[in-house]
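As stored in upload-v6.cif (mmCIF, C-alpha atoms):
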```
data_target
#
loop_
_atom_site.label_atom_id
_atom_site.label_comp_id
_atom_site.auth_asym_id
_atom_site.auth_seq_id
_atom_site.Cartn_x
_atom_site.Cartn_y
_atom_site.Cartn_z
CA MET A 199 -8.96 32.32 -18.37
CA TRP A 200 -6.31 29.80 -19.48
CA SER A 201 -3.54 31.85 -17.89
CA ARG A 202 -5.44 31.69 -14.61
CA VAL A 203 -5.90 27.92 -14.93
CA LEU A 204 -2.19 27.53 -15.70
CA LYS A 205 -1.28 29.65 -12.69
CA ILE A 206 -3.47 27.52 -10.40
CA TYR A 207 -1.90 24.37 -11.84
CA ARG A 208 1.63 25.67 -11.26
CA GLN A 209 0.79 26.56 -7.68
CA ASN A 210 -0.71 23.13 -7.00
CA SER A 211 1.13 20.88 -9.45
CA GLY A 212 2.70 18.69 -6.79
CA ARG A 213 -0.62 18.10 -5.05
CA LEU A 214 -2.46 17.42 -8.32
CA LEU A 215 0.16 14.92 -9.49
CA LEU A 216 -0.01 13.16 -6.13
CA LEU A 217 -3.79 12.95 -6.34
CA PHE A 218 -3.66 11.57 -9.88
CA PHE A 219 -0.83 9.06 -9.58
CA GLY A 220 -1.29 8.24 -5.90
CA VAL A 221 -5.08 8.11 -5.59
CA LEU A 222 -7.06 8.33 -8.84
CA LEU A 223 -4.93 6.04 -11.04
CA PRO A 224 -4.63 3.28 -8.41
CA LEU A 225 -8.39 3.41 -7.87
CA LEU A 226 -9.06 3.13 -11.60
CA ILE A 227 -6.81 0.07 -11.92
CA LEU A 228 -8.26 -1.40 -8.73
CA GLY A 229 -11.78 -0.94 -10.09
CA ASP A 230 -10.86 -2.83 -13.26
CA LEU A 231 -9.36 -5.69 -11.24
CA ALA A 232 -12.41 -5.82 -8.97
CA GLU A 233 -14.74 -5.98 -11.98
CA ASP A 234 -12.77 -8.91 -13.41
CA VAL A 235 -12.97 -10.78 -10.10
CA LEU A 236 -16.72 -10.15 -9.74
CA GLN A 237 -17.40 -11.33 -13.28
CA GLN A 238 -14.97 -14.23 -12.93
CA GLU A 239 -13.07 -13.19 -16.03
CA ASP A 240 -10.43 -15.38 -17.66
CA MET A 241 -7.58 -15.82 -15.17
CA ARG A 242 -4.96 -17.21 -17.55
CA LEU A 243 -2.50 -14.38 -16.83
CA ASP A 244 -2.96 -14.83 -13.08
CA ARG A 245 -2.35 -18.54 -13.38
CA TRP A 246 0.64 -18.16 -15.71
CA LEU A 247 2.34 -15.62 -13.43
CA SER A 248 1.70 -17.76 -10.35
CA GLU A 249 3.19 -20.85 -11.97
CA TRP A 250 6.13 -18.86 -13.35
CA VAL A 251 6.99 -17.47 -9.90
CA ASN A 252 6.63 -20.88 -8.28
CA GLY A 253 8.97 -22.30 -10.92
CA PHE A 254 11.86 -20.71 -9.00
CA ALA A 255 11.02 -22.71 -5.87
CA THR A 256 13.91 -23.82 -3.69
CA PRO A 257 14.08 -24.78 -0.01
CA TRP A 258 15.85 -21.50 0.72
CA LEU A 259 13.13 -19.44 -1.00
CA ASP A 260 10.48 -21.45 0.85
CA GLN A 261 12.00 -20.35 4.15
CA ALA A 262 12.31 -16.76 2.95
CA ALA A 263 8.64 -16.72 1.93
CA LEU A 264 7.60 -18.05 5.33
CA ALA A 265 9.76 -15.42 7.05
CA LEU A 266 8.17 -12.65 4.97
CA ARG A 267 4.73 -14.03 5.78
CA PHE A 268 5.55 -13.57 9.46
CA LEU A 269 7.28 -10.18 9.13
CA GLY A 270 4.52 -8.77 6.92
CA GLY A 271 1.68 -10.16 9.00
CA VAL A 272 -0.28 -8.83 11.92
CA GLU A 273 2.01 -10.68 14.35
CA VAL A 274 4.80 -8.16 13.63
CA LEU A 275 3.18 -5.14 11.99
CA GLY A 276 0.38 -5.03 14.56
CA PRO A 277 2.63 -4.49 17.61
CA LEU A 278 4.94 -2.20 15.62
CA SER A 279 1.97 -0.05 14.63
CA LEU A 280 0.88 0.23 18.25
CA VAL A 281 4.41 1.26 19.28
CA ILE A 282 4.56 3.95 16.58
CA PHE A 283 1.09 5.20 17.49
CA ALA A 284 2.01 5.38 21.18
CA TYR A 285 5.30 7.14 20.39
CA LEU A 286 3.55 9.82 18.32
CA LEU A 287 1.03 10.44 21.09
CA PHE A 288 3.77 10.49 23.74
CA THR A 289 5.77 13.05 21.75
CA ARG A 290 2.70 15.26 21.43
CA GLN A 291 2.04 14.61 17.77
CA PRO A 292 -1.57 13.42 18.11
CA TRP A 293 -2.70 14.18 14.56
CA LYS A 294 0.23 12.20 13.15
CA GLY A 295 -0.59 9.38 15.53
CA TRP A 296 -4.22 9.27 14.51
CA PHE A 297 -3.26 9.53 10.86
CA PHE A 298 -1.02 6.48 11.25
CA ALA A 299 -3.71 4.58 13.16
CA PHE A 300 -6.40 5.32 10.56
CA ALA A 301 -4.00 4.60 7.69
CA VAL A 302 -3.01 1.15 8.93
CA GLY A 303 -6.20 0.22 10.76
CA GLY A 304 -8.46 1.57 8.05
CA ALA A 305 -6.62 -0.40 5.36
CA ALA A 306 -6.99 -3.58 7.43
CA GLY A 307 -10.70 -2.98 7.94
CA LEU A 308 -11.30 -2.29 4.26
CA ASN A 309 -9.39 -5.44 3.37
CA LEU A 310 -11.63 -7.59 5.56
CA LEU A 311 -14.75 -6.04 4.03
CA ALA A 312 -13.43 -6.57 0.51
CA LYS A 313 -12.57 -10.22 1.19
CA ALA A 314 -16.09 -10.86 2.46
CA PHE A 315 -17.66 -9.01 -0.47
CA PHE A 316 -15.71 -10.65 -3.31
CA GLY A 317 -15.41 -14.11 -1.73
CA ARG A 318 -12.64 -15.21 -4.07
CA GLU A 319 -11.27 -18.65 -3.29
CA ARG A 320 -7.58 -19.25 -2.73
CA PRO A 321 -5.46 -20.51 -5.67
CA ASP A 322 -5.31 -24.25 -6.21
CA LEU A 323 -2.50 -24.34 -8.76
CA PHE A 324 0.02 -26.12 -6.55
CA THR A 325 0.43 -27.15 -2.93
CA PRO A 326 0.74 -23.94 -0.87
CA LEU A 327 3.45 -23.53 1.73
CA VAL A 328 0.80 -22.73 4.36
CA LEU A 329 -2.97 -23.22 4.26
CA GLU A 330 -4.55 -19.82 4.87
CA PRO A 331 -8.07 -19.13 6.20
CA ASN A 332 -10.68 -16.81 4.65
CA TYR A 333 -10.74 -15.47 1.11
CA SER A 334 -8.09 -14.40 -1.36
CA PHE A 335 -8.98 -10.99 -2.85
CA PRO A 336 -7.31 -8.69 -1.97
CA SER A 337 -4.19 -9.95 -0.20
CA GLY A 338 -4.18 -9.02 3.48
CA HIS A 339 -0.38 -9.19 3.73
CA ALA A 340 0.08 -6.98 0.66
CA THR A 341 -2.53 -4.54 1.96
CA GLY A 342 -1.11 -4.37 5.48
CA SER A 343 2.56 -4.05 4.54
CA ALA A 344 1.84 -1.44 1.84
CA ALA A 345 -0.33 0.62 4.21
CA PHE A 346 2.31 0.42 6.96
CA VAL A 347 5.12 1.50 4.62
CA SER A 348 3.06 4.19 2.88
CA ALA A 349 2.08 5.73 6.22
CA LEU A 350 5.70 5.73 7.40
CA VAL A 351 6.85 7.37 4.17
CA VAL A 352 4.20 10.09 4.56
CA LEU A 353 5.26 10.77 8.15
CA ALA A 354 8.96 10.75 7.29
CA TRP A 355 8.69 12.74 4.07
CA TYR A 356 9.62 16.11 5.56
CA THR A 357 12.39 14.70 7.72
CA ARG A 358 15.91 13.41 7.08
CA TRP A 359 14.56 9.86 7.31
CA ARG A 360 12.37 9.95 4.21
CA TRP A 361 14.76 8.18 1.84
CA TRP A 362 15.47 5.50 4.45
CA ALA A 363 11.72 4.93 4.70
CA VAL A 364 11.44 4.66 0.91
CA LEU A 365 14.56 2.57 0.25
CA LEU A 366 13.85 0.10 3.05
CA GLY A 367 10.07 0.15 3.13
CA VAL A 368 9.14 -0.14 -0.54
CA PRO A 369 11.28 -3.25 -1.24
CA PHE A 370 9.91 -4.80 1.95
CA ALA A 371 6.28 -4.30 0.86
CA LEU A 372 7.06 -5.58 -2.64
CA LEU A 373 8.80 -8.69 -1.31
CA VAL A 374 5.96 -9.45 1.09
CA GLY A 375 3.48 -9.30 -1.77
CA LEU A 376 5.59 -11.40 -4.13
CA SER A 377 6.16 -13.98 -1.40
CA ARG A 378 2.39 -14.50 -1.16
CA VAL A 379 2.23 -15.45 -4.84
CA TYR A 380 5.30 -17.69 -4.48
CA ALA A 381 3.75 -19.40 -1.45
CA GLY A 382 0.56 -20.20 -3.39
CA ALA A 383 -1.59 -18.14 -1.01
CA HIS A 384 -2.68 -15.53 -3.58
CA TYR A 385 -3.03 -14.77 -7.23
CA PRO A 386 -0.91 -11.84 -8.51
CA SER A 387 -4.10 -9.78 -8.95
CA ASP A 388 -4.86 -10.25 -5.23
CA VAL A 389 -1.48 -8.78 -4.35
CA LEU A 390 -1.70 -5.94 -6.86
CA ALA A 391 -5.15 -5.02 -5.54
CA GLY A 392 -3.80 -4.92 -1.98
CA TRP A 393 -0.96 -2.60 -2.97
CA LEU A 394 -3.21 -0.28 -4.97
CA ALA A 395 -5.92 -0.10 -2.32
CA SER A 396 -3.43 0.76 0.42
CA VAL A 397 -1.59 3.43 -1.55
CA ALA A 398 -4.85 5.10 -2.58
CA TRP A 399 -6.26 4.92 0.95
CA VAL A 400 -3.14 6.24 2.71
CA LEU A 401 -2.41 9.04 0.24
CA GLY A 402 -6.07 10.03 0.13
CA LEU A 403 -6.10 10.21 3.92
CA ARG A 404 -2.88 12.18 3.81
CA GLN A 405 -4.56 14.79 1.61
CA VAL A 406 -7.50 15.05 4.00
CA LEU A 407 -5.20 15.55 7.01
CA ARG A 408 -2.45 17.31 5.06
CA SER A 409 -2.24 20.42 7.23
CA ARG A 410 -2.16 18.31 10.40
CA THR A 411 0.51 15.77 9.46
CA ARG A 412 3.32 17.97 8.14
CA PRO A 413 5.30 20.94 9.38
CA ALA A 414 4.90 24.32 7.75
CA PRO A 415 6.94 24.09 4.52
CA PRO A 416 9.52 26.62 3.39
CA PRO A 417 8.17 29.24 0.96
CA SER A 418 9.78 27.47 -2.02
CA GLU A 419 7.90 24.22 -1.26
CA GLU A 420 4.64 26.05 -0.67
CA ARG A 421 4.91 27.71 -4.07
CA ALA A 422 5.52 24.31 -5.66
CA GLY A 423 2.30 23.02 -4.12
CA LEU A 424 3.94 20.08 -2.31
#
```
Whole structure given in structure tokens:
Amino acid sequence: MWSRVLKIYRQNSGRLLLLFFGVLLPLLILGDLAEDVLQQEDMRLDRWLSEWVNGFATPWLDQAALALRFLGGVEVLGPLSLVIFAYLLFTRQPWKGWFFAFAVGGAAGLNLLAKAFFGRERPDLFTPLVLEPNYSFPSGHATGSAAFVSALVVLAWYTRWRWWAVLLGVPFALLVGLSRVYAGAHYPSDVLAGWLASVAWVLGLRQVLRSRTRPAPPPSEERAGL
């Protein structure tokens, strides 16, 4: 029995690790954060981290944070997403196109629902760079940029562009999220929740559409369960 279980694990180890670290673990951490927000738990760590980040404030960093707000917002990522979706359809890759659309659009929709459900007010620790509408949890910019980058990494993973997508995209999503804390628009837990929700959503969707969004792997990759 155990030899059979071990054999199944070896054949699917890559997929199981992805499900655990990419979907299950983020959801567990996200659930803990959401419970704290609902119960209005002590936010001393959130406040301390926010004030620590803002302690580095300079005019140059103010401008960088505003630029990241624009680049990581719907004004830029929205049109870019439409271009990528149209390109995938035009090049006869409809399943990849719809995966990208559901990954980015679905994350945005879930973010709006979560904001309305939790109703967390924006931080009031210091004067924000920009007054933002609606609620704080989870961060829309962190959610959108993480979903956009995660979807691109999934689509590029079996191509020569995958490391470019990772090396350029991941720092971009991280900087967008950190800039929201620096700007006084979000607590760190808002940003972390946005990142976790997007990664879990995109990688979960990737598993559902796995056979439709990747080319047939070489035998060595198939045996590894990637």
If you count only C-alpha atoms, which residues fall within 10 Å of Leu373 in chain A, apart from same-chain ones fewer than 4 positions away, as a list of chain:residue names?
A:Ala262, A:Ala263, A:Leu266, A:Arg267, A:Gly270, A:Ala340, A:Ser343, A:Gly367, A:Val368, A:Pro369, A:Ser377, A:Arg378
Can you spit out the residues from that selection as a CSV table (one decimal), keeping the file's coordinate frame, using C-alpha atoms?
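Output file result_38.csv follows:
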```
chain,number,residue,atom,x,y,z
A,262,ALA,CA,12.3,-16.8,3.0
A,263,ALA,CA,8.6,-16.7,1.9
A,266,LEU,CA,8.2,-12.6,5.0
A,267,ARG,CA,4.7,-14.0,5.8
A,270,GLY,CA,4.5,-8.8,6.9
A,340,ALA,CA,0.1,-7.0,0.7
A,343,SER,CA,2.6,-4.0,4.5
A,367,GLY,CA,10.1,0.2,3.1
A,368,VAL,CA,9.1,-0.1,-0.5
A,369,PRO,CA,11.3,-3.2,-1.2
A,377,SER,CA,6.2,-14.0,-1.4
A,378,ARG,CA,2.4,-14.5,-1.2
```
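Residues in contact with Phe219 in chain A at 10 Å, where all atoms listed in the file are counted and same-chain residues fewer than 6 positions away are skipped, are listed as Leu225, Val397, Ala398 and Leu401 of chain A.
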Pull out every residue that the PyMOL selection byres ((chain A and resi 379) around 10) matches in the shown coordinates and put them as a list in words.
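Residues picked by the PyMOL selection byres ((chain A and resi 379) around 10): Asp244, Leu247, Ser248, Glu249, Trp250, Val251, Asn252, Ala263, Pro321, Pro326, Ser337, Val374, Gly375, Leu376, Ser377, Arg378, Tyr380, Ala381, Gly382, Ala383, His384, Tyr385, Pro386, Ser387, Asp388 and Val389 of chain A.
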Could you list, as a PDB file with C-alpha atoms, keeping the file's coordinate frame, every residue within 12 Å of Leu366 in chain A, counting all atoms listed in the file and ignoring same-chain residues fewer than 4 positions away?
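Saved as part10.pdb:
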```
ATOM      1  CA  VAL A 347       5.120   1.500   4.620  1.00  0.00           C
ATOM      2  CA  SER A 348       3.060   4.190   2.880  1.00  0.00           C
ATOM      3  CA  LEU A 350       5.700   5.730   7.400  1.00  0.00           C
ATOM      4  CA  VAL A 351       6.850   7.370   4.170  1.00  0.00           C
ATOM      5  CA  TRP A 359      14.560   9.860   7.310  1.00  0.00           C
ATOM      6  CA  ARG A 360      12.370   9.950   4.210  1.00  0.00           C
ATOM      7  CA  TRP A 361      14.760   8.180   1.840  1.00  0.00           C
ATOM      8  CA  TRP A 362      15.470   5.500   4.450  1.00  0.00           C
ATOM      9  CA  PHE A 370       9.910  -4.800   1.950  1.00  0.00           C
ATOM     10  CA  ALA A 371       6.280  -4.300   0.860  1.00  0.00           C
ATOM     11  CA  LEU A 372       7.060  -5.580  -2.640  1.00  0.00           C
ATOM     12  CA  LEU A 373       8.800  -8.690  -1.310  1.00  0.00           C
TER      13      LEU A 373
END
```
If the PyMOL selection byres ((chain A and resi 315) around 12) were run on this exact file, what residues would it hold? Put them as a list of chain:residue names.
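Taken over the shown coordinates, the PyMOL selection byres ((chain A and resi 315) around 12) returns A:Ala232, A:Val235, A:Leu236, A:Leu308, A:Asn309, A:Leu310, A:Leu311, A:Ala312, A:Lys313, A:Ala314, A:Phe316, A:Gly317, A:Arg318, A:Glu319, A:Asn332, A:Tyr333, A:Ser334, A:Phe335, A:Pro336.
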Can you turn the PyMOL selection byres ((chain A and resi 302) around 8) into a concrete residue list for this file, as a compact mmCIF listing (two decimals) with C-alpha atoms, in the frame of the given file?
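File written: out-v1.txt
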```
# COMPACT_ATOMS: atom_id res chain seq x y z
CA SER A 279 1.97 -0.05 14.63
CA PHE A 298 -1.02 6.48 11.25
CA ALA A 299 -3.71 4.58 13.16
CA PHE A 300 -6.40 5.32 10.56
CA ALA A 301 -4.00 4.60 7.69
CA GLY A 303 -6.20 0.22 10.76
CA GLY A 304 -8.46 1.57 8.05
CA ALA A 305 -6.62 -0.40 5.36
CA ALA A 306 -6.99 -3.58 7.43
CA GLY A 342 -1.11 -4.37 5.48
CA ALA A 345 -0.33 0.62 4.21
CA PHE A 346 2.31 0.42 6.96
CA ALA A 349 2.08 5.73 6.22
```
One number please: CA of Asp260 in chain A to CA of Arg320 in chain A, in Å, one decimal.
18.5 Å
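Between CA of Leu394 in chain A and CA of Ile227 in chain A the separation is 7.8 Å.
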Which of A:Leu287, A:Leu264, A:Ile282, A:Ala391 sits closest to Glu233 in chain A [using only C-alpha atoms]
A:Ala391
Between CA of Leu216 in chain A and CA of Leu286 in chain A, what distance in Å does the model show, to one decimal?
24.9 Å
Shortest interatomic distance to Val328 in chain A - which of A:Ala265, A:Leu226, A:Gly392, A:Leu231, counting all atoms listed in the file:
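Selected residue with least distance to Val328 in chain A: A:Ala265.
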Top pick for closest residue to Arg404 in chain A, considering A:Leu222, A:Leu280, A:Leu217, A:Val272 and counting only C-alpha atoms
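Using only C-alpha atoms, Arg404 in chain A sits closest to A:Leu217.
Counting all atoms listed in the file and comparing A:Val221, A:Leu323, A:Leu214, A:Leu259, the residue that lies closest to Trp246 in chain A is A:Leu323.
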Might I get the box with edges along x, y and z of the file that holds all atoms of range 336-340 of chain A listed there, padded by 8 Å on every side, given as centre and edge lengths in Å to one decimal, as lines of an AutoDock Vina configuration file?
```
center_x = -3.6
center_y = -8.5
center_z = 0.9
size_x = 23.4
size_y = 19.0
size_z = 21.7
```
Could you tell me which of A:Gly212, A:Gly307, A:Leu228, A:Leu407 comes closest to Gly338 in chain A if we count all atoms listed in the file?
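Result for the nearest residue to Gly338 in chain A: A:Gly307.
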Quick one: range 285-299 of chain A with N, CA and C atoms, as a CSV table (one decimal), in the frame of the given file?
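Generated file (out35.csv):
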```csv
chain,number,residue,atom,x,y,z
A,285,TYR,N,4.2,6.2,20.4
A,285,TYR,CA,5.3,7.1,20.4
A,285,TYR,C,4.8,8.5,19.9
A,286,LEU,N,4.0,8.5,18.9
A,286,LEU,CA,3.6,9.8,18.3
A,286,LEU,C,2.7,10.5,19.3
A,287,LEU,N,1.8,9.8,20.0
A,287,LEU,CA,1.0,10.4,21.1
A,287,LEU,C,1.9,10.9,22.2
A,288,PHE,N,2.9,10.1,22.6
A,288,PHE,CA,3.8,10.5,23.7
A,288,PHE,C,4.6,11.7,23.4
A,289,THR,N,5.0,11.9,22.2
A,289,THR,CA,5.8,13.0,21.8
A,289,THR,C,4.9,14.2,21.3
A,290,ARG,N,3.6,14.2,21.7
A,290,ARG,CA,2.7,15.3,21.4
A,290,ARG,C,2.5,15.6,19.9
A,291,GLN,N,2.4,14.5,19.2
A,291,GLN,CA,2.0,14.6,17.8
A,291,GLN,C,0.7,13.8,17.5
A,292,PRO,N,-0.4,14.2,18.2
A,292,PRO,CA,-1.6,13.4,18.1
A,292,PRO,C,-2.1,13.2,16.7
A,293,TRP,N,-2.1,14.3,15.9
A,293,TRP,CA,-2.7,14.2,14.6
A,293,TRP,C,-1.9,13.2,13.7
A,294,LYS,N,-0.6,13.2,13.9
A,294,LYS,CA,0.2,12.2,13.2
A,294,LYS,C,-0.1,10.8,13.7
A,295,GLY,N,-0.2,10.7,15.0
A,295,GLY,CA,-0.6,9.4,15.5
A,295,GLY,C,-1.9,8.9,15.0
A,296,TRP,N,-2.9,9.7,15.0
A,296,TRP,CA,-4.2,9.3,14.5
A,296,TRP,C,-4.2,9.0,13.0
A,297,PHE,N,-3.4,9.8,12.3
A,297,PHE,CA,-3.3,9.5,10.9
A,297,PHE,C,-2.7,8.1,10.7
A,298,PHE,N,-1.6,7.8,11.4
A,298,PHE,CA,-1.0,6.5,11.2
A,298,PHE,C,-2.0,5.4,11.6
A,299,ALA,N,-2.7,5.6,12.7
A,299,ALA,CA,-3.7,4.6,13.2
A,299,ALA,C,-4.8,4.4,12.1
```
